[in-house]
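The next block is entry26.txt, given as compact mmCIF, C-alpha atoms.
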# COMPACT_ATOMS: atom_id res chain seq x y z
CA MET A 1 123.79 124.67 153.55
CA THR A 2 120.59 123.97 151.68
CA GLN A 3 119.55 124.91 148.19
CA SER A 4 117.19 127.60 149.48
CA ASP A 5 120.03 129.21 151.49
CA THR A 6 122.36 129.52 148.48
CA PRO A 7 122.03 132.51 146.12
CA ILE A 8 121.20 131.39 142.59
CA ALA A 9 124.20 133.30 141.19
CA ASN A 10 126.53 131.25 143.43
CA ARG A 11 125.12 127.81 142.71
CA LEU A 12 127.43 125.33 141.09
CA ASN A 13 126.60 123.39 137.97
CA VAL A 14 127.25 119.77 138.97
CA LEU A 15 127.23 116.80 136.63
CA VAL A 16 126.86 113.30 138.07
CA LEU A 17 128.12 110.48 135.86
CA LEU A 18 125.75 107.50 135.96
CA SER A 19 126.48 103.90 135.08
CA ALA A 20 124.26 100.92 134.32
CA GLY A 21 124.08 99.48 137.82
CA CYS A 22 122.66 96.13 138.79
CA HIS A 23 121.56 94.54 142.04
CA PRO A 24 124.33 92.28 143.40
CA VAL A 25 121.88 89.48 144.26
CA SER A 26 119.05 89.58 141.73
CA GLY A 27 121.08 91.03 138.85
CA ARG A 28 118.24 93.40 137.95
CA SER A 29 118.92 97.03 137.02
CA ALA A 30 119.39 99.19 140.11
CA PRO A 31 121.03 102.53 140.91
CA VAL A 32 124.65 102.46 142.06
CA MET A 33 124.79 103.47 145.73
CA GLU A 34 127.80 105.79 145.42
CA GLU A 35 126.18 107.63 142.50
CA THR A 36 123.00 108.26 144.48
CA GLN A 37 125.22 109.44 147.34
CA ALA A 38 126.87 111.84 144.88
CA ILE A 39 123.44 113.26 144.05
CA ALA A 40 122.74 113.81 147.74
CA LEU A 41 126.09 115.56 148.23
CA ALA A 42 125.43 117.89 145.31
CA ARG A 43 121.94 118.70 146.59
CA GLN A 44 123.37 119.52 150.03
CA LEU A 45 125.71 121.96 148.33
CA GLY A 46 122.72 123.75 146.79
CA ALA A 47 123.88 123.06 143.25
CA HIS A 48 122.14 122.67 139.90
CA VAL A 49 122.46 118.90 139.45
CA SER A 50 122.03 116.86 136.28
CA GLY A 51 123.05 113.35 135.28
CA LEU A 52 124.95 111.96 132.30
CA HIS A 53 125.02 108.38 131.05
CA ALA A 54 126.42 106.69 127.95
CA GLY A 55 124.90 103.36 127.00
CA PRO A 56 122.47 101.46 124.80
CA GLU A 57 119.23 101.96 126.74
CA ALA A 58 117.59 104.12 129.39
CA ALA A 59 116.08 101.26 131.44
CA PRO A 60 118.88 101.25 134.07
CA LEU A 61 118.19 104.95 134.71
CA ARG A 62 114.47 104.82 135.36
CA ASP A 63 114.76 104.89 139.19
CA ILE A 64 117.49 107.56 139.40
CA PRO A 65 115.15 110.61 139.31
CA GLY A 66 113.48 109.27 142.45
CA HIS A 67 116.70 109.95 144.36
CA GLY A 68 116.67 113.68 143.60
CA LEU A 69 117.94 113.99 140.02
CA SER A 70 115.34 115.71 137.87
CA ARG A 71 117.23 115.66 134.53
CA ILE A 72 119.39 112.99 132.94
CA VAL A 73 121.07 113.07 129.54
CA MET A 74 121.61 109.66 127.97
CA LEU A 75 124.13 109.36 125.15
CA ARG A 76 122.93 106.36 123.17
CA GLN A 77 125.68 104.07 121.91
CA ASP A 78 126.49 100.36 121.77
CA ALA A 79 127.33 98.64 125.04
CA ASN A 80 130.77 97.52 123.82
CA VAL A 81 131.89 101.05 122.85
CA ASP A 82 134.18 103.05 125.13
CA PRO A 83 131.94 105.73 126.72
CA LEU A 84 134.78 108.23 127.24
CA PRO A 85 134.77 109.92 123.78
CA ALA A 86 131.02 110.59 123.92
CA LEU A 87 131.21 111.85 127.50
CA LEU A 88 134.10 114.14 126.60
CA ALA A 89 132.27 115.56 123.59
CA PHE A 90 129.18 116.37 125.65
CA ILE A 91 131.12 117.83 128.58
CA ARG A 92 133.19 120.07 126.31
CA CYS A 93 130.00 121.42 124.76
CA ASN A 94 128.30 121.81 128.17
CA PRO A 95 131.11 122.34 130.68
CA PRO A 96 130.04 121.93 134.34
CA ASP A 97 131.78 123.32 137.41
CA LEU A 98 132.09 119.93 139.05
CA ILE A 99 131.83 116.27 138.01
CA LEU A 100 130.93 113.61 140.56
CA THR A 101 131.31 109.89 139.95
CA GLY A 102 131.24 106.64 141.86
CA ARG A 103 134.44 104.72 142.50
CA ARG A 104 133.61 102.27 139.72
CA ALA A 105 130.62 101.01 137.76
CA GLN A 106 128.93 97.68 138.42
CA GLY A 107 129.03 96.06 135.00
CA GLY A 108 131.39 93.31 136.08
CA MET A 109 134.36 94.16 133.81
CA ASP A 110 134.76 97.82 134.79
CA SER A 111 138.31 98.91 135.59
CA GLY A 112 137.49 102.01 137.64
CA THR A 113 139.84 104.17 135.55
CA LEU A 114 137.16 106.21 133.75
CA PRO A 115 137.17 109.16 136.23
CA TYR A 116 140.96 109.42 135.96
CA ARG A 117 140.98 109.16 132.16
CA LEU A 118 138.24 111.78 132.00
CA ALA A 119 140.13 114.18 134.29
CA GLN A 120 143.31 113.64 132.31
CA ALA A 121 141.59 114.36 128.99
CA LEU A 122 139.92 117.50 130.36
CA GLY A 123 143.07 118.68 132.13
CA TRP A 124 141.15 118.95 135.42
CA PRO A 125 142.35 117.96 138.89
CA ILE A 126 140.79 114.89 140.50
CA ALA A 127 140.30 113.85 144.12
CA ALA A 128 139.25 110.33 145.09
CA ASP A 129 137.16 108.83 147.92
CA ILE A 130 135.35 112.00 148.97
CA ALA A 131 133.05 111.64 151.99
CA ALA A 132 131.87 115.26 152.31
CA PHE A 133 132.52 118.72 150.90
CA ASP A 134 131.45 122.32 151.10
CA ARG A 135 132.16 125.40 149.02
CA ASP A 136 134.41 128.14 150.37
CA THR A 137 132.35 131.20 149.46
CA THR A 138 135.16 133.59 150.43
CA ALA A 139 137.94 132.03 148.34
CA GLY A 140 136.23 131.76 144.97
CA ASN A 141 136.34 128.46 143.14
CA ILE A 142 137.77 126.37 145.96
CA LEU A 143 136.18 123.27 147.46
CA HIS A 144 137.12 122.02 150.89
CA LEU A 145 136.78 118.24 150.98
CA LEU A 146 136.90 115.45 153.51
CA GLN A 147 138.63 112.44 152.03
CA ALA A 148 137.85 109.02 153.50
CA ARG A 149 140.89 107.13 154.74
CA PRO A 150 141.27 103.60 156.15
CA LYS A 151 139.84 102.76 159.60
CA GLY A 152 137.35 105.62 159.50
CA ALA A 153 139.92 108.42 159.35
CA ARG A 154 139.25 111.62 157.40
CA ARG A 155 141.72 113.94 155.68
CA ALA A 156 140.92 117.54 154.80
CA VAL A 157 141.96 118.55 151.28
CA SER A 158 141.19 121.49 149.01
CA ILE A 159 140.76 121.50 145.24
CA GLN A 160 140.09 124.15 142.66
CA LEU A 161 137.11 124.08 140.32
CA PRO A 162 136.47 122.71 137.78
CA CYS A 163 137.41 119.24 138.97
CA VAL A 164 136.40 115.59 139.12
CA LEU A 165 135.56 113.88 142.41
CA THR A 166 134.89 110.22 143.14
CA VAL A 167 132.52 109.52 146.02
CA HIS A 168 133.33 107.08 148.82
CA PRO A 169 130.72 104.74 150.38
CA ALA A 170 131.26 106.60 153.68
CA ALA A 171 129.53 109.67 152.20
CA PRO A 172 126.05 110.55 153.54
CA ARG A 173 123.26 108.21 152.60
CA PRO A 174 121.20 108.90 149.44
CA LEU A 175 118.06 110.97 149.59
CA PRO A 176 114.91 108.94 150.31
CA PHE A 177 113.35 107.51 147.17
CA ALA A 178 110.28 109.47 146.01
CA PHE A 179 107.97 107.85 143.47
CA ALA A 180 106.50 111.22 142.44
CA ALA A 181 110.00 112.59 141.71
CA MET A 182 110.74 109.51 139.63
CA ARG A 183 107.59 110.13 137.55
CA LYS A 184 108.54 113.78 137.00
CA GLY A 185 112.15 113.09 136.06
CA VAL A 186 113.23 113.78 132.47
CA ILE A 187 115.58 111.47 130.56
CA GLU A 188 116.81 113.20 127.40
CA THR A 189 118.29 110.91 124.76
CA ILE A 190 121.03 112.06 122.39
CA GLU A 191 122.67 109.87 119.77
CA ALA A 192 126.36 109.69 120.65
CA SER A 193 127.25 109.53 116.96
CA SER A 194 125.87 113.05 116.50
CA LEU A 195 128.51 114.33 118.93
CA LEU A 196 131.35 112.43 117.28
CA PRO A 197 131.74 113.34 113.61
CA GLN A 198 134.37 111.29 111.83
CA SER A 199 136.47 114.37 111.08
CA ASP A 200 136.60 115.43 114.73
CA SER A 201 139.78 114.07 116.28
CA THR A 202 139.61 116.12 119.47
CA VAL A 203 137.62 113.46 121.28
CA VAL A 204 140.02 110.63 120.51
CA VAL A 205 141.62 109.71 123.81
CA SER A 206 144.58 107.43 124.32
CA SER A 207 144.69 105.44 127.52
CA SER A 208 148.34 104.44 127.05
CA ASP A 209 149.34 106.63 129.98
CA ILE A 210 146.92 104.82 132.31
CA GLU A 211 148.66 101.90 133.98
CA GLU A 212 146.57 99.06 135.41
CA ARG A 213 148.39 96.90 137.91
CA PRO A 214 147.03 93.47 138.87
CA TYR A 215 146.26 92.81 142.51
CA ARG A 216 149.05 91.05 144.37
CA ALA A 217 148.34 89.31 147.65
CA ARG A 218 150.52 90.54 150.48
CA PRO A 219 151.32 88.70 153.73
CA ARG A 220 149.24 89.66 156.74
CA LEU A 221 152.10 90.51 159.07
CA ILE A 222 150.05 91.54 162.09
CA ALA A 223 147.90 88.42 162.12
CA LYS A 224 150.86 86.06 161.78
CA ALA A 225 153.02 87.89 164.28
CA GLY A 226 150.28 87.88 166.91
CA ALA A 227 149.56 84.19 166.39
CA GLN A 228 153.15 83.07 167.07
CA GLY A 229 153.84 84.96 170.29
CA ASN A 230 157.49 83.80 170.46
CA GLY A 231 159.36 87.09 170.28
CA GLN A 232 162.97 87.48 171.43
CA LEU A 233 164.13 90.23 173.77
CA MET A 234 167.54 91.66 172.86
CA VAL A 235 169.19 94.32 175.03
CA HIS A 236 171.84 96.44 173.29
CA PRO A 237 172.65 93.82 170.63
CA SER A 238 175.40 94.31 168.11
CA ALA A 239 174.46 95.31 164.58
CA ASP A 240 175.19 91.81 163.24
CA ASP A 241 173.16 90.06 165.95
CA ALA A 242 170.21 92.45 165.47
CA ALA A 243 170.25 91.96 161.70
CA LYS A 244 170.33 88.17 162.09
CA ALA A 245 167.42 88.28 164.53
CA VAL A 246 165.34 90.43 162.17
CA ILE A 247 166.06 88.13 159.21
CA THR A 248 165.17 85.06 161.27
CA TYR A 249 161.90 86.63 162.37
CA LEU A 250 160.92 87.67 158.82
CA ARG A 251 161.65 84.16 157.59
CA GLY A 252 159.54 82.75 160.39
CA ILE A 253 156.44 84.72 159.37
CA GLY A 254 156.95 84.04 155.66
CA VAL A 255 158.08 87.47 154.47
CA LEU A 256 161.55 86.22 153.45
CA GLN A 257 162.30 82.86 151.94
CA ALA A 258 164.89 80.52 153.39
CA PRO A 259 168.31 80.75 151.68
CA SER A 260 168.94 78.37 148.82
CA TYR A 261 172.19 76.42 148.43
CA ASN A 262 174.20 75.99 145.24
CA SER A 263 176.36 73.04 144.26
CA ASP A 264 179.26 74.31 146.41
CA ALA A 265 177.05 74.25 149.52
CA THR A 266 177.30 78.03 149.77
CA PRO A 267 174.06 79.67 150.99
CA THR A 268 172.60 82.16 148.52
CA GLU A 269 170.00 84.71 149.58
CA PRO A 270 166.90 84.81 147.33
CA ALA A 271 166.50 87.80 145.06
CA GLY A 272 164.93 90.79 146.76
CA SER A 273 165.84 89.71 150.31

Whole structure, structure tokens version:
Amino acid sequence: MTQSDTPIANRLNVLVLLSAGCHPVSGRSAPVMEETQAIALARQLGAHVSGLHAGPEAAPLRDIPGHGLSRIVMLRQDANVDPLPALLAFIRCNPPDLILTGRRAQGGMDSGTLPYRLAQALGWPIAADIAAFDRDTTAGNILHLLQARPKGARRAVSIQLPCVLTVHPAAPRPLPFAFAAMRKGVIETIEASSLLPQSDSTVVVSSSDIEERPYRARPRLIAKAGAQGNGQLMVHPSADDAAKAVITYLRGIGVLQAPSYNSDATPTEPAGS
């Protein structure tokens, strides 16, 4: 479905959140791939698309209009200030039908929780890792999505508008860069402080409900099991013999630790085994 095929009355108002991306090699300002893919997805849907960014300067946004985004609103604020309150204030004053974001920004210290905190503050549903979507014109405000799963799998899900979606790298490629479109693009600057009066407490958001868990390395069971190749065939074993064989195997590939012995020479299983 192209923009020309979609009646104007049925077009969605889509807002793409933009971050200050940088090239992974040169470190120079560059668009974030998943955000340009989000622009392409919205254009395929035939939607009215605009961008929103909160940050200290517009330089990281100068190439974005060349990927099909004609209007960007920049909320000017210091780089070390949480962008969520300013984004919330603007979105509540100009509510879109759909918000698209990347999986995370590229600033180096970004946690990737902003889309979830934003959806929680707005009270909107959120779906992650979207590879494609289309609007169900017969069921009202329902989007049918294809969610990217490991090993190239796709899962069909549906979500009701308004909502927040994060775009997966498996989504269609961005639109070709057009220098003329970049020259015509408009970047409108708004001071974030003008949206956040001191007396307004509605934009104060607590992230205490957002839990960040550190990455924990897990054993690669398949790789280790295939490398050993010394399995044991047991035909109708008893429950005790089968349990002992499983424990021995798990210890052999490093999932379980060997039992420790106390002063009485009594074996003690490690905690969690």

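Going from CA of Met74 (chain A) over to CA of Ile126 (chain A), you cover 23.5 Å.
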
Rows by chain and residue number, region 51-96 of chain A within 7 Å of region 163-185 of chain A, shortest pair, all atoms listed in the file, as JSON lines:
{"residue": "A:Asp63", "atom": "CA", "partner": "A:Met182", "partner_atom": "CA", "distance": 6.1}
{"residue": "A:Pro65", "atom": "CA", "partner": "A:Met182", "partner_atom": "CA", "distance": 4.6}
{"residue": "A:Gly66", "atom": "CA", "partner": "A:Met182", "partner_atom": "CA", "distance": 3.9}
{"residue": "A:His67", "atom": "CA", "partner": "A:Phe177", "partner_atom": "CA", "distance": 5.0}
{"residue": "A:Gly68", "atom": "CA", "partner": "A:Leu175", "partner_atom": "CA", "distance": 6.7}
{"residue": "A:Ser70", "atom": "CA", "partner": "A:Gly185", "partner_atom": "CA", "distance": 4.5}
{"residue": "A:Arg71", "atom": "CA", "partner": "A:Gly185", "partner_atom": "CA", "distance": 5.9}

Take the residues just selected and output them with C-alpha atoms as a tab-separated table (two decimals), keeping the file's coordinate frame.
chain	number	residue	atom	x	y	z
A	63	ASP	CA	114.76	104.89	139.19
A	65	PRO	CA	115.15	110.61	139.31
A	66	GLY	CA	113.48	109.27	142.45
A	67	HIS	CA	116.70	109.95	144.36
A	68	GLY	CA	116.67	113.68	143.60
A	70	SER	CA	115.34	115.71	137.87
A	71	ARG	CA	117.23	115.66	134.53

Surrounding residues of Gly123 (chain A) excluding itself and chain neighbours under 4 positions, 12 Å, all atoms listed in the file, as a PDB file with C-alpha atoms, keeping the file's coordinate frame:
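The file below, out-v4.pdb, is the result:
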ATOM      1  CA  LEU A  88     134.100 114.140 126.600  1.00  0.00           C
ATOM      2  CA  ARG A  92     133.190 120.070 126.310  1.00  0.00           C
ATOM      3  CA  PRO A 115     137.170 109.160 136.230  1.00  0.00           C
ATOM      4  CA  TYR A 116     140.960 109.420 135.960  1.00  0.00           C
ATOM      5  CA  ARG A 117     140.980 109.160 132.160  1.00  0.00           C
ATOM      6  CA  LEU A 118     138.240 111.780 132.000  1.00  0.00           C
ATOM      7  CA  ALA A 119     140.130 114.180 134.290  1.00  0.00           C
ATOM      8  CA  LEU A 161     137.110 124.080 140.320  1.00  0.00           C
ATOM      9  CA  PRO A 162     136.470 122.710 137.780  1.00  0.00           C
ATOM     10  CA  CYS A 163     137.410 119.240 138.970  1.00  0.00           C
ATOM     11  CA  VAL A 164     136.400 115.590 139.120  1.00  0.00           C
TER      12      VAL A 164
END

Test item: residues at most 8 Å from Ala192 (chain A), all atoms listed in the file, excluding those fewer than 4 positions along its chain, as a PyMOL selection string: chain A and resi 54+75-77+86+196

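Minimum atom-to-atom distance to Met33 (chain A), evaluated using only C-alpha atoms, belongs to A:Arg104 out of A:Pro96, A:Ala245, A:Asn13, A:Arg104.
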
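Take CA of Arg43 (chain A) and CA of Leu12 (chain A): the distance between them is 10.2 Å.
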
Gap from CA of Gly55 (chain A) to CA of Asp78 (chain A) - Å, one decimal: 6.2 Å

Arg154 (chain A) environment, 10 Å, only C-alpha atoms, sequence neighbours closer than 6 positions dropped, as a list in words: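 Here the answer would be Ile130, Ala131, Ala132, Leu145, Leu146, Gln147 and Ala148 of chain A.
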
Residue among A:Ile142, A:Leu195, A:Ala258, A:Val157 lying closest to Ala89 (chain A), counting all atoms listed in the file: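 With all atoms listed in the file as the atom set, the closest residue is A:Leu195.
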
Please enclose the listed atoms of region 229-247 of chain A in an axis-aligned box, pad each side by 8 Å, and write out the centre and the three edge lengths in Å, rounded to one decimal, as lines of an AutoDock Vina configuration file.
center_x = 164.6
center_y = 90.1
center_z = 167.1
size_x = 37.6
size_y = 28.6
size_z = 31.8
